[in-house]
Amino acid sequence: MSSIPSNQSSDPASPSAAAPGASPAVSSASSPTFSPLYQQIKALIMQRLQSGEWKSGELIPSEVELGNRFKVSQGTVRKAIDELAAENLLVRRQGKGTFVATHHEARSQFRFLRLMPDSDEPQVTDKKVIELKRLRAPAEIARQLGMKSGDSVVYVKRVLAFDGVPTILEELWLPGALFKALTLERLAEYKGPMYGLFETEFGTRMIRATEQIRAASADADAAELLAVEKLSPLLCVERVSFTYGDKPVEVRRGFYVTNRHHYQNELS
């Protein structure tokens, strides 16, 4: 197996910098902390992404350059990048190199919106922000965001319509300290994906989410905003989204009208 010499890398975050005279990134297979070398390189690249050394949309160093930096083979770096690309954190562009993924790319947008039309016809999407306010976090929201009950959160309510038909009612809770500059006016005027706004203006990139899906019925407020009868069946999707370091930065509850749409997920 390849190894990373402990005395050859000057990179302070490289595996060899952790302890003099030893190579902590590479241990025997019997060690409970053992992981394949490419996984260790993947972790080092993730550290760079988390620190902001390579920002969203930027070109990262080539596989050769990264191999020289981390004192490993180009193949090891390629395998690490392959996994990060499969996780939509990096994007390979033929003839141009590898870039940090951004939520402004169409394929990234659909990672977090799984409601698909029953037909293949193109849809016109309209987003209407109903409300944005700052409040003290309810106990359950605070728990999901890793905050203290009563800490400041930003609450957003909006409706998404497709071809003029209200289809999704969403409620979001965001950490108040992180999104203190977010305003109703800015959110209403922004035409791109919401996660794109969070990424470019608040330095927060959503990289994964957990969801719970259940059946629900429309209360009076939801019925009015979604133009359906009260107690009409809805699909309720509750999501917690995480940024680098597995830090939760959004709780989102969506109520979906599924007369013309379905929830789609790909399992592998």
# chains A, B, ... in the order shown; residues from 1 in each chain; ligands from 1

call {"tool": "select_by_dssp", "arguments": {"residues": "segment 137-250 of chain A", "states": "helix (DSSP H, G or I)", "output": "PyMOL selection string"}}
result
chain A and resi 139-145+184-189+194-202+220-226+244-246

call {"tool": "write_last_selection", "arguments": {"atoms": "N, CA, C and O atoms", "output": "short mmCIF file (atom, residue, chain, number, x, y, z; two decimals), in the first residue's frame"}}
result
data_model
loop_
_atom_site.label_atom_id
_atom_site.label_comp_id
_atom_site.auth_asym_id
_atom_site.auth_seq_id
_atom_site.Cartn_x
_atom_site.Cartn_y
_atom_site.Cartn_z
N ALA A 139 -38.32 24.72 20.89
CA ALA A 139 -37.41 23.69 21.42
C ALA A 139 -37.03 22.66 20.37
O ALA A 139 -35.84 22.30 20.24
N GLU A 140 -37.99 22.18 19.57
CA GLU A 140 -37.69 21.12 18.60
C GLU A 140 -36.81 21.65 17.46
O GLU A 140 -35.89 20.97 17.01
N ILE A 141 -37.09 22.87 17.01
CA ILE A 141 -36.27 23.47 15.95
C ILE A 141 -34.86 23.70 16.46
O ILE A 141 -33.87 23.42 15.76
N ALA A 142 -34.74 24.19 17.68
CA ALA A 142 -33.41 24.42 18.27
C ALA A 142 -32.64 23.11 18.36
O ALA A 142 -31.44 23.06 18.06
N ARG A 143 -33.31 22.04 18.74
CA ARG A 143 -32.65 20.74 18.85
C ARG A 143 -32.13 20.29 17.48
O ARG A 143 -30.99 19.84 17.35
N GLN A 144 -32.95 20.44 16.46
CA GLN A 144 -32.55 20.01 15.11
C GLN A 144 -31.41 20.85 14.55
O GLN A 144 -30.59 20.35 13.77
N LEU A 145 -31.33 22.11 14.95
CA LEU A 145 -30.27 22.99 14.47
C LEU A 145 -29.05 23.01 15.39
O LEU A 145 -28.09 23.73 15.13
N LEU A 184 -36.66 40.02 3.72
CA LEU A 184 -37.78 39.63 2.86
C LEU A 184 -37.59 40.19 1.46
O LEU A 184 -37.83 39.50 0.46
N GLU A 185 -37.11 41.44 1.37
CA GLU A 185 -36.92 42.07 0.08
C GLU A 185 -35.86 41.34 -0.75
O GLU A 185 -36.06 41.11 -1.94
N ARG A 186 -34.75 40.97 -0.11
CA ARG A 186 -33.68 40.28 -0.85
C ARG A 186 -34.15 38.92 -1.33
O ARG A 186 -33.86 38.50 -2.46
N LEU A 187 -34.86 38.22 -0.49
CA LEU A 187 -35.33 36.89 -0.85
C LEU A 187 -36.38 36.97 -1.96
O LEU A 187 -36.40 36.14 -2.88
N ALA A 188 -37.23 37.98 -1.90
CA ALA A 188 -38.30 38.12 -2.90
C ALA A 188 -37.74 38.49 -4.27
O ALA A 188 -38.26 38.04 -5.30
N GLU A 189 -36.69 39.30 -4.29
CA GLU A 189 -36.14 39.74 -5.58
C GLU A 189 -35.20 38.73 -6.21
O GLU A 189 -34.93 38.79 -7.41
N MET A 194 -32.82 29.03 -3.97
CA MET A 194 -32.57 29.57 -2.64
C MET A 194 -31.22 29.13 -2.08
O MET A 194 -30.49 29.92 -1.47
N TYR A 195 -30.86 27.87 -2.31
CA TYR A 195 -29.56 27.40 -1.82
C TYR A 195 -28.41 28.11 -2.53
O TYR A 195 -27.32 28.23 -1.98
N GLY A 196 -28.65 28.57 -3.75
CA GLY A 196 -27.65 29.37 -4.45
C GLY A 196 -27.43 30.70 -3.76
O GLY A 196 -26.30 31.18 -3.64
N LEU A 197 -28.51 31.31 -3.28
CA LEU A 197 -28.41 32.56 -2.51
C LEU A 197 -27.65 32.34 -1.22
O LEU A 197 -26.76 33.13 -0.85
N PHE A 198 -27.98 31.27 -0.52
CA PHE A 198 -27.28 30.96 0.74
C PHE A 198 -25.78 30.77 0.49
O PHE A 198 -24.95 31.18 1.30
N GLU A 199 -25.47 30.17 -0.63
CA GLU A 199 -24.08 29.86 -0.97
C GLU A 199 -23.29 31.11 -1.32
O GLU A 199 -22.19 31.33 -0.80
N THR A 200 -23.84 31.96 -2.18
CA THR A 200 -23.08 33.11 -2.67
C THR A 200 -23.08 34.28 -1.70
O THR A 200 -22.08 35.01 -1.62
N GLU A 201 -24.15 34.49 -0.96
CA GLU A 201 -24.24 35.67 -0.10
C GLU A 201 -24.02 35.39 1.38
O GLU A 201 -23.76 36.31 2.15
N PHE A 202 -24.13 34.13 1.78
CA PHE A 202 -23.96 33.80 3.19
C PHE A 202 -22.88 32.75 3.43
O PHE A 202 -22.67 32.32 4.56
N ALA A 220 -56.48 25.21 7.48
CA ALA A 220 -57.12 26.35 6.82
C ALA A 220 -56.09 27.22 6.10
O ALA A 220 -56.33 27.68 4.97
N ASP A 221 -54.94 27.46 6.73
CA ASP A 221 -53.91 28.31 6.14
C ASP A 221 -53.33 27.67 4.88
O ASP A 221 -53.20 28.32 3.83
N ALA A 222 -52.96 26.39 4.98
CA ALA A 222 -52.39 25.70 3.83
C ALA A 222 -53.40 25.60 2.70
O ALA A 222 -53.05 25.76 1.52
N ALA A 223 -54.65 25.35 3.02
CA ALA A 223 -55.69 25.24 2.00
C ALA A 223 -55.82 26.55 1.22
O ALA A 223 -55.95 26.56 -0.01
N GLU A 224 -55.78 27.66 1.94
CA GLU A 224 -55.90 28.96 1.27
C GLU A 224 -54.70 29.24 0.37
O GLU A 224 -54.86 29.66 -0.78
N LEU A 225 -53.49 29.00 0.89
CA LEU A 225 -52.28 29.31 0.13
C LEU A 225 -52.06 28.37 -1.05
O LEU A 225 -51.49 28.77 -2.08
N LEU A 226 -52.54 27.14 -0.94
CA LEU A 226 -52.35 26.16 -2.01
C LEU A 226 -53.59 26.02 -2.90
O LEU A 226 -53.59 25.19 -3.82
N TYR A 244 -20.75 21.79 5.51
CA TYR A 244 -19.50 21.09 5.84
C TYR A 244 -19.37 20.91 7.35
O TYR A 244 -19.86 21.72 8.14
N GLY A 245 -18.69 19.83 7.72
CA GLY A 245 -18.54 19.52 9.14
C GLY A 245 -19.78 18.94 9.75
O GLY A 245 -19.90 18.85 10.97
N ASP A 246 -20.73 18.54 8.91
CA ASP A 246 -22.01 17.96 9.35
C ASP A 246 -22.75 18.89 10.30
O ASP A 246 -23.37 18.46 11.28
#

call {"tool": "atom_distance", "arguments": {"atom1": "atom CA of Thr258 of chain A", "atom2": "atom CA of Glu131 of chain A"}}
result
23.8 Å

call {"tool": "closest_atom_pairs", "arguments": {"of": "segment 180-258 of chain A", "to": "segment 80-100 of chain A", "cutoff": "12 Å", "atoms": "only C-alpha atoms", "output": "CSV"}}
result
residue,atom,partner,partner_atom,distance
A:Glu199,CA,A:Val100,CA,11.9
A:Arg205,CA,A:Leu89,CA,9.7
A:Met206,CA,A:Leu89,CA,9.7
A:Ile207,CA,A:Leu89,CA,7.1
A:Arg208,CA,A:Glu87,CA,8.9
A:Thr243,CA,A:Leu89,CA,11.0
A:Tyr244,CA,A:Leu89,CA,10.3

call {"tool": "select_by_dssp", "arguments": {"residues": "segment 20-250 of chain A", "states": "strand (DSSP E or B)", "output": "JSON, numbers by chain"}}
result
{"A": [59, 90, 91, 92, 93, 97, 98, 99, 100, 115, 116, 117, 125, 126, 127, 128, 129, 130, 131, 132, 133, 134, 135, 136, 152, 153, 154, 155, 156, 157, 158, 159, 160, 161, 162, 165, 166, 167, 168, 169, 170, 171, 172, 173, 174, 175, 208, 209, 210, 211, 212, 213, 214, 215, 216, 217, 233, 234, 235, 236, 237, 238, 239, 240, 241, 242, 243, 247, 248, 249, 250]}

call {"tool": "residues_around", "arguments": {"residues": "Leu49 of chain A", "least_positions_apart": "3", "cutoff": "10 Å", "atoms": "only C-alpha atoms", "output": "PyMOL selection string"}}
result
chain A and resi 43-46+52-56+60+89-90+100+244

call {"tool": "write_last_selection", "arguments": {"atoms": "all heavy atoms", "output": "short mmCIF file (atom, residue, chain, number, x, y, z; two decimals), in the first residue's frame"}}
result
data_model
loop_
_atom_site.label_atom_id
_atom_site.label_comp_id
_atom_site.auth_asym_id
_atom_site.auth_seq_id
_atom_site.Cartn_x
_atom_site.Cartn_y
_atom_site.Cartn_z
N ALA A 43 -10.75 13.19 2.71
CA ALA A 43 -10.98 13.98 3.91
C ALA A 43 -10.17 15.27 3.88
O ALA A 43 -10.64 16.33 4.33
CB ALA A 43 -10.63 13.16 5.16
N LEU A 44 -8.95 15.20 3.36
CA LEU A 44 -8.11 16.41 3.28
C LEU A 44 -8.69 17.41 2.29
O LEU A 44 -8.66 18.62 2.53
CB LEU A 44 -6.69 16.02 2.88
CG LEU A 44 -5.89 15.23 3.92
CD1 LEU A 44 -4.53 14.83 3.35
CD2 LEU A 44 -5.71 16.04 5.19
N ILE A 45 -9.22 16.91 1.17
CA ILE A 45 -9.86 17.81 0.21
C ILE A 45 -11.10 18.44 0.83
O ILE A 45 -11.36 19.64 0.66
CB ILE A 45 -10.21 17.04 -1.08
CG1 ILE A 45 -8.93 16.57 -1.78
CG2 ILE A 45 -11.04 17.92 -2.02
CD1 ILE A 45 -9.17 15.67 -2.98
N MET A 46 -11.86 17.65 1.58
CA MET A 46 -13.03 18.18 2.28
C MET A 46 -12.64 19.30 3.24
O MET A 46 -13.35 20.29 3.39
CB MET A 46 -13.75 17.06 3.02
CG MET A 46 -14.60 16.17 2.13
SD MET A 46 -16.10 16.99 1.55
CE MET A 46 -17.04 17.10 3.07
N GLY A 52 -12.84 26.99 2.96
CA GLY A 52 -13.03 28.03 1.95
C GLY A 52 -11.81 28.29 1.10
O GLY A 52 -11.78 29.25 0.33
N GLU A 53 -10.79 27.41 1.20
CA GLU A 53 -9.61 27.58 0.35
C GLU A 53 -9.99 27.53 -1.13
O GLU A 53 -9.46 28.27 -1.95
CB GLU A 53 -8.58 26.49 0.67
CG GLU A 53 -7.33 26.57 -0.18
CD GLU A 53 -6.29 25.51 0.18
OE1 GLU A 53 -6.33 24.98 1.31
OE2 GLU A 53 -5.45 25.21 -0.68
N TRP A 54 -10.93 26.64 -1.45
CA TRP A 54 -11.48 26.56 -2.81
C TRP A 54 -12.97 26.85 -2.69
O TRP A 54 -13.71 26.09 -2.09
CB TRP A 54 -11.26 25.18 -3.42
CG TRP A 54 -9.81 24.74 -3.38
CD1 TRP A 54 -8.71 25.51 -3.65
CD2 TRP A 54 -9.32 23.44 -3.04
NE1 TRP A 54 -7.57 24.77 -3.50
CE2 TRP A 54 -7.90 23.49 -3.13
CE3 TRP A 54 -9.92 22.24 -2.69
CZ2 TRP A 54 -7.10 22.39 -2.86
CZ3 TRP A 54 -9.12 21.14 -2.44
CH2 TRP A 54 -7.72 21.22 -2.53
N LYS A 55 -13.41 27.94 -3.25
CA LYS A 55 -14.79 28.38 -3.10
C LYS A 55 -15.67 27.80 -4.20
O LYS A 55 -15.19 27.29 -5.21
CB LYS A 55 -14.85 29.91 -3.10
CG LYS A 55 -14.13 30.54 -1.91
CD LYS A 55 -14.20 32.05 -1.97
CE LYS A 55 -13.64 32.66 -0.67
NZ LYS A 55 -12.28 32.21 -0.37
N SER A 56 -16.98 27.90 -3.97
CA SER A 56 -17.95 27.37 -4.93
C SER A 56 -17.71 27.94 -6.32
O SER A 56 -17.55 29.15 -6.49
CB SER A 56 -19.37 27.72 -4.47
OG SER A 56 -19.65 27.10 -3.24
N ILE A 60 -10.20 23.69 -8.83
CA ILE A 60 -9.27 23.21 -7.81
C ILE A 60 -7.97 22.77 -8.50
O ILE A 60 -7.95 22.60 -9.72
CB ILE A 60 -9.87 22.06 -6.98
CG1 ILE A 60 -9.97 20.77 -7.82
CG2 ILE A 60 -11.23 22.43 -6.42
CD1 ILE A 60 -10.27 19.53 -6.98
N LEU A 89 -20.13 17.28 -4.75
CA LEU A 89 -19.33 18.32 -4.10
C LEU A 89 -18.32 18.90 -5.07
O LEU A 89 -17.91 20.06 -4.93
CB LEU A 89 -18.63 17.76 -2.87
CG LEU A 89 -19.56 17.27 -1.76
CD1 LEU A 89 -18.76 16.68 -0.61
CD2 LEU A 89 -20.45 18.40 -1.27
N LEU A 90 -17.90 18.10 -6.05
CA LEU A 90 -17.01 18.56 -7.10
C LEU A 90 -17.64 18.23 -8.45
O LEU A 90 -18.47 17.31 -8.54
CB LEU A 90 -15.63 17.90 -7.00
CG LEU A 90 -14.81 18.19 -5.74
CD1 LEU A 90 -13.51 17.38 -5.75
CD2 LEU A 90 -14.50 19.68 -5.61
N VAL A 100 -15.28 23.21 -7.86
CA VAL A 100 -16.16 23.07 -6.69
C VAL A 100 -17.59 23.25 -7.18
O VAL A 100 -17.91 24.22 -7.88
CB VAL A 100 -15.82 24.12 -5.61
CG1 VAL A 100 -16.72 23.92 -4.39
CG2 VAL A 100 -14.36 24.03 -5.21
N TYR A 244 -20.75 21.79 5.51
CA TYR A 244 -19.50 21.09 5.84
C TYR A 244 -19.37 20.91 7.35
O TYR A 244 -19.86 21.72 8.14
CB TYR A 244 -18.31 21.89 5.32
CG TYR A 244 -18.27 22.03 3.82
CD1 TYR A 244 -18.44 23.27 3.20
CD2 TYR A 244 -18.08 20.92 3.00
CE1 TYR A 244 -18.41 23.40 1.82
CE2 TYR A 244 -18.05 21.04 1.62
CZ TYR A 244 -18.21 22.28 1.03
OH TYR A 244 -18.18 22.40 -0.33
#

call {"tool": "closest_residue", "arguments": {"among": "A:Leu174, A:Val77, A:Leu235, A:Val251", "to": "Gln39 of chain A", "atoms": "only C-alpha atoms"}}
result
A:Val77

call {"tool": "atom_distance", "arguments": {"atom1": "atom CA of Gly164 of chain A", "atom2": "atom CA of Val124 of chain A"}}
result
7.6 Å

call {"tool": "closest_residue", "arguments": {"among": "A:Ala161, A:Gly75, A:Lys191, A:Leu132", "to": "Pro117 of chain A", "atoms": "only C-alpha atoms"}}
result
A:Ala161

call {"tool": "atom_distance", "arguments": {"atom1": "atom CA of Gln50 of chain A", "atom2": "atom CA of Lys133 of chain A"}}
result
28.8 Å

call {"tool": "residues_around", "arguments": {"residues": "Gly176 of chain A", "least_positions_apart": "5", "cutoff": "7 Å", "atoms": "only C-alpha atoms", "output": "VMD selection string"}}
result
chain A and resid 152 to 154

call {"tool": "write_last_selection", "arguments": {"atoms": "N, CA, C and O atoms", "output": "tab-separated table (two decimals), in the first residue's frame"}}
result
chain	number	residue	atom	x	y	z
A	152	SER	N	-31.96	32.90	18.48
A	152	SER	CA	-32.57	33.57	17.34
A	152	SER	C	-32.55	32.68	16.09
A	152	SER	O	-31.53	32.08	15.76
A	153	VAL	N	-33.70	32.62	15.41
A	153	VAL	CA	-33.79	31.95	14.11
A	153	VAL	C	-34.53	32.86	13.14
A	153	VAL	O	-35.29	33.74	13.54
A	154	VAL	N	-34.27	32.64	11.86
A	154	VAL	CA	-35.02	33.33	10.80
A	154	VAL	C	-36.07	32.34	10.29
A	154	VAL	O	-35.74	31.21	9.91

call {"tool": "closest_residue", "arguments": {"among": "A:Val159, A:Val257, A:Ile41, A:Val129", "to": "Tyr190 of chain A", "atoms": "only C-alpha atoms"}}
result
A:Val129

call {"tool": "closest_residue", "arguments": {"among": "A:Leu182, A:Ala177, A:Pro193, A:Ser62", "to": "Asp126 of chain A", "atoms": "only C-alpha atoms"}}
result
A:Pro193

call {"tool": "decode", "arguments": {"residues": "segment 36-59 of chain A", "atoms": "N, CA, C and O atoms", "output": "mmCIF file, in the first residue's frame"}}
result
data_model
loop_
_atom_site.group_PDB
_atom_site.id
_atom_site.type_symbol
_atom_site.label_atom_id
_atom_site.label_comp_id
_atom_site.auth_asym_id
_atom_site.auth_seq_id
_atom_site.Cartn_x
_atom_site.Cartn_y
_atom_site.Cartn_z
ATOM 1 N N PRO A 36 -8.885 3.515 3.963
ATOM 2 C CA PRO A 36 -8.072 3.493 2.744
ATOM 3 C C PRO A 36 -7.433 4.848 2.485
ATOM 4 O O PRO A 36 -7.971 5.892 2.854
ATOM 5 N N LEU A 37 -6.293 4.828 1.807
ATOM 6 C CA LEU A 37 -5.534 6.054 1.578
ATOM 7 C C LEU A 37 -6.348 7.092 0.814
ATOM 8 O O LEU A 37 -6.317 8.281 1.140
ATOM 9 N N TYR A 38 -7.111 6.643 -0.189
ATOM 10 C CA TYR A 38 -7.878 7.611 -0.966
ATOM 11 C C TYR A 38 -8.950 8.292 -0.114
ATOM 12 O O TYR A 38 -9.304 9.456 -0.332
ATOM 13 N N GLN A 39 -9.469 7.560 0.896
ATOM 14 C CA GLN A 39 -10.444 8.160 1.802
ATOM 15 C C GLN A 39 -9.794 9.248 2.659
ATOM 16 O O GLN A 39 -10.412 10.264 2.987
ATOM 17 N N GLN A 40 -8.530 9.043 3.023
ATOM 18 C CA GLN A 40 -7.810 10.053 3.788
ATOM 19 C C GLN A 40 -7.562 11.299 2.937
ATOM 20 O O GLN A 40 -7.665 12.428 3.424
ATOM 21 N N ILE A 41 -7.258 11.098 1.653
ATOM 22 C CA ILE A 41 -7.074 12.230 0.751
ATOM 23 C C ILE A 41 -8.410 12.945 0.531
ATOM 24 O O ILE A 41 -8.479 14.174 0.491
ATOM 25 N N LYS A 42 -9.464 12.173 0.424
ATOM 26 C CA LYS A 42 -10.802 12.761 0.307
ATOM 27 C C LYS A 42 -11.103 13.656 1.506
ATOM 28 O O LYS A 42 -11.630 14.769 1.360
ATOM 29 N N ALA A 43 -10.750 13.189 2.707
ATOM 30 C CA ALA A 43 -10.975 13.983 3.913
ATOM 31 C C ALA A 43 -10.168 15.273 3.884
ATOM 32 O O ALA A 43 -10.641 16.332 4.326
ATOM 33 N N LEU A 44 -8.947 15.203 3.364
ATOM 34 C CA LEU A 44 -8.113 16.408 3.283
ATOM 35 C C LEU A 44 -8.691 17.409 2.286
ATOM 36 O O LEU A 44 -8.664 18.620 2.527
ATOM 37 N N ILE A 45 -9.222 16.913 1.173
ATOM 38 C CA ILE A 45 -9.860 17.811 0.215
ATOM 39 C C ILE A 45 -11.100 18.444 0.833
ATOM 40 O O ILE A 45 -11.360 19.640 0.663
ATOM 41 N N MET A 46 -11.864 17.653 1.584
ATOM 42 C CA MET A 46 -13.034 18.184 2.275
ATOM 43 C C MET A 46 -12.638 19.295 3.244
ATOM 44 O O MET A 46 -13.351 20.293 3.391
ATOM 45 N N GLN A 47 -11.511 19.130 3.916
ATOM 46 C CA GLN A 47 -11.039 20.176 4.828
ATOM 47 C C GLN A 47 -10.819 21.479 4.069
ATOM 48 O O GLN A 47 -11.135 22.562 4.566
ATOM 49 N N ARG A 48 -10.247 21.383 2.863
ATOM 50 C CA ARG A 48 -10.016 22.580 2.051
ATOM 51 C C ARG A 48 -11.336 23.227 1.642
ATOM 52 O O ARG A 48 -11.469 24.450 1.647
ATOM 53 N N LEU A 49 -12.307 22.412 1.289
ATOM 54 C CA LEU A 49 -13.613 22.946 0.911
ATOM 55 C C LEU A 49 -14.274 23.631 2.104
ATOM 56 O O LEU A 49 -14.844 24.718 1.977
ATOM 57 N N GLN A 50 -14.192 22.992 3.256
ATOM 58 C CA GLN A 50 -14.809 23.547 4.456
ATOM 59 C C GLN A 50 -14.149 24.860 4.872
ATOM 60 O O GLN A 50 -14.825 25.795 5.310
ATOM 61 N N SER A 51 -12.840 24.950 4.724
ATOM 62 C CA SER A 51 -12.121 26.161 5.131
ATOM 63 C C SER A 51 -12.313 27.307 4.150
ATOM 64 O O SER A 51 -11.996 28.455 4.459
ATOM 65 N N GLY A 52 -12.842 26.989 2.955
ATOM 66 C CA GLY A 52 -13.031 28.026 1.951
ATOM 67 C C GLY A 52 -11.812 28.286 1.096
ATOM 68 O O GLY A 52 -11.778 29.252 0.330
ATOM 69 N N GLU A 53 -10.793 27.415 1.197
ATOM 70 C CA GLU A 53 -9.608 27.579 0.353
ATOM 71 C C GLU A 53 -9.993 27.527 -1.127
ATOM 72 O O GLU A 53 -9.458 28.271 -1.948
ATOM 73 N N TRP A 54 -10.931 26.638 -1.454
ATOM 74 C CA TRP A 54 -11.479 26.560 -2.810
ATOM 75 C C TRP A 54 -12.968 26.852 -2.690
ATOM 76 O O TRP A 54 -13.710 26.091 -2.090
ATOM 77 N N LYS A 55 -13.405 27.939 -3.250
ATOM 78 C CA LYS A 55 -14.789 28.379 -3.105
ATOM 79 C C LYS A 55 -15.674 27.798 -4.195
ATOM 80 O O LYS A 55 -15.191 27.294 -5.209
ATOM 81 N N SER A 56 -16.976 27.905 -3.973
ATOM 82 C CA SER A 56 -17.954 27.373 -4.931
ATOM 83 C C SER A 56 -17.708 27.937 -6.317
ATOM 84 O O SER A 56 -17.552 29.148 -6.486
ATOM 85 N N GLY A 57 -17.662 27.042 -7.303
ATOM 86 C CA GLY A 57 -17.459 27.443 -8.680
ATOM 87 C C GLY A 57 -16.011 27.575 -9.102
ATOM 88 O O GLY A 57 -15.726 27.728 -10.290
ATOM 89 N N GLU A 58 -15.075 27.495 -8.144
ATOM 90 C CA GLU A 58 -13.667 27.677 -8.469
ATOM 91 C C GLU A 58 -13.023 26.374 -8.951
ATOM 92 O O GLU A 58 -13.420 25.273 -8.552
ATOM 93 N N LEU A 59 -12.009 26.536 -9.786
ATOM 94 C CA LEU A 59 -11.200 25.412 -10.246
ATOM 95 C C LEU A 59 -10.256 24.992 -9.123
ATOM 96 O O LEU A 59 -9.595 25.831 -8.505
#
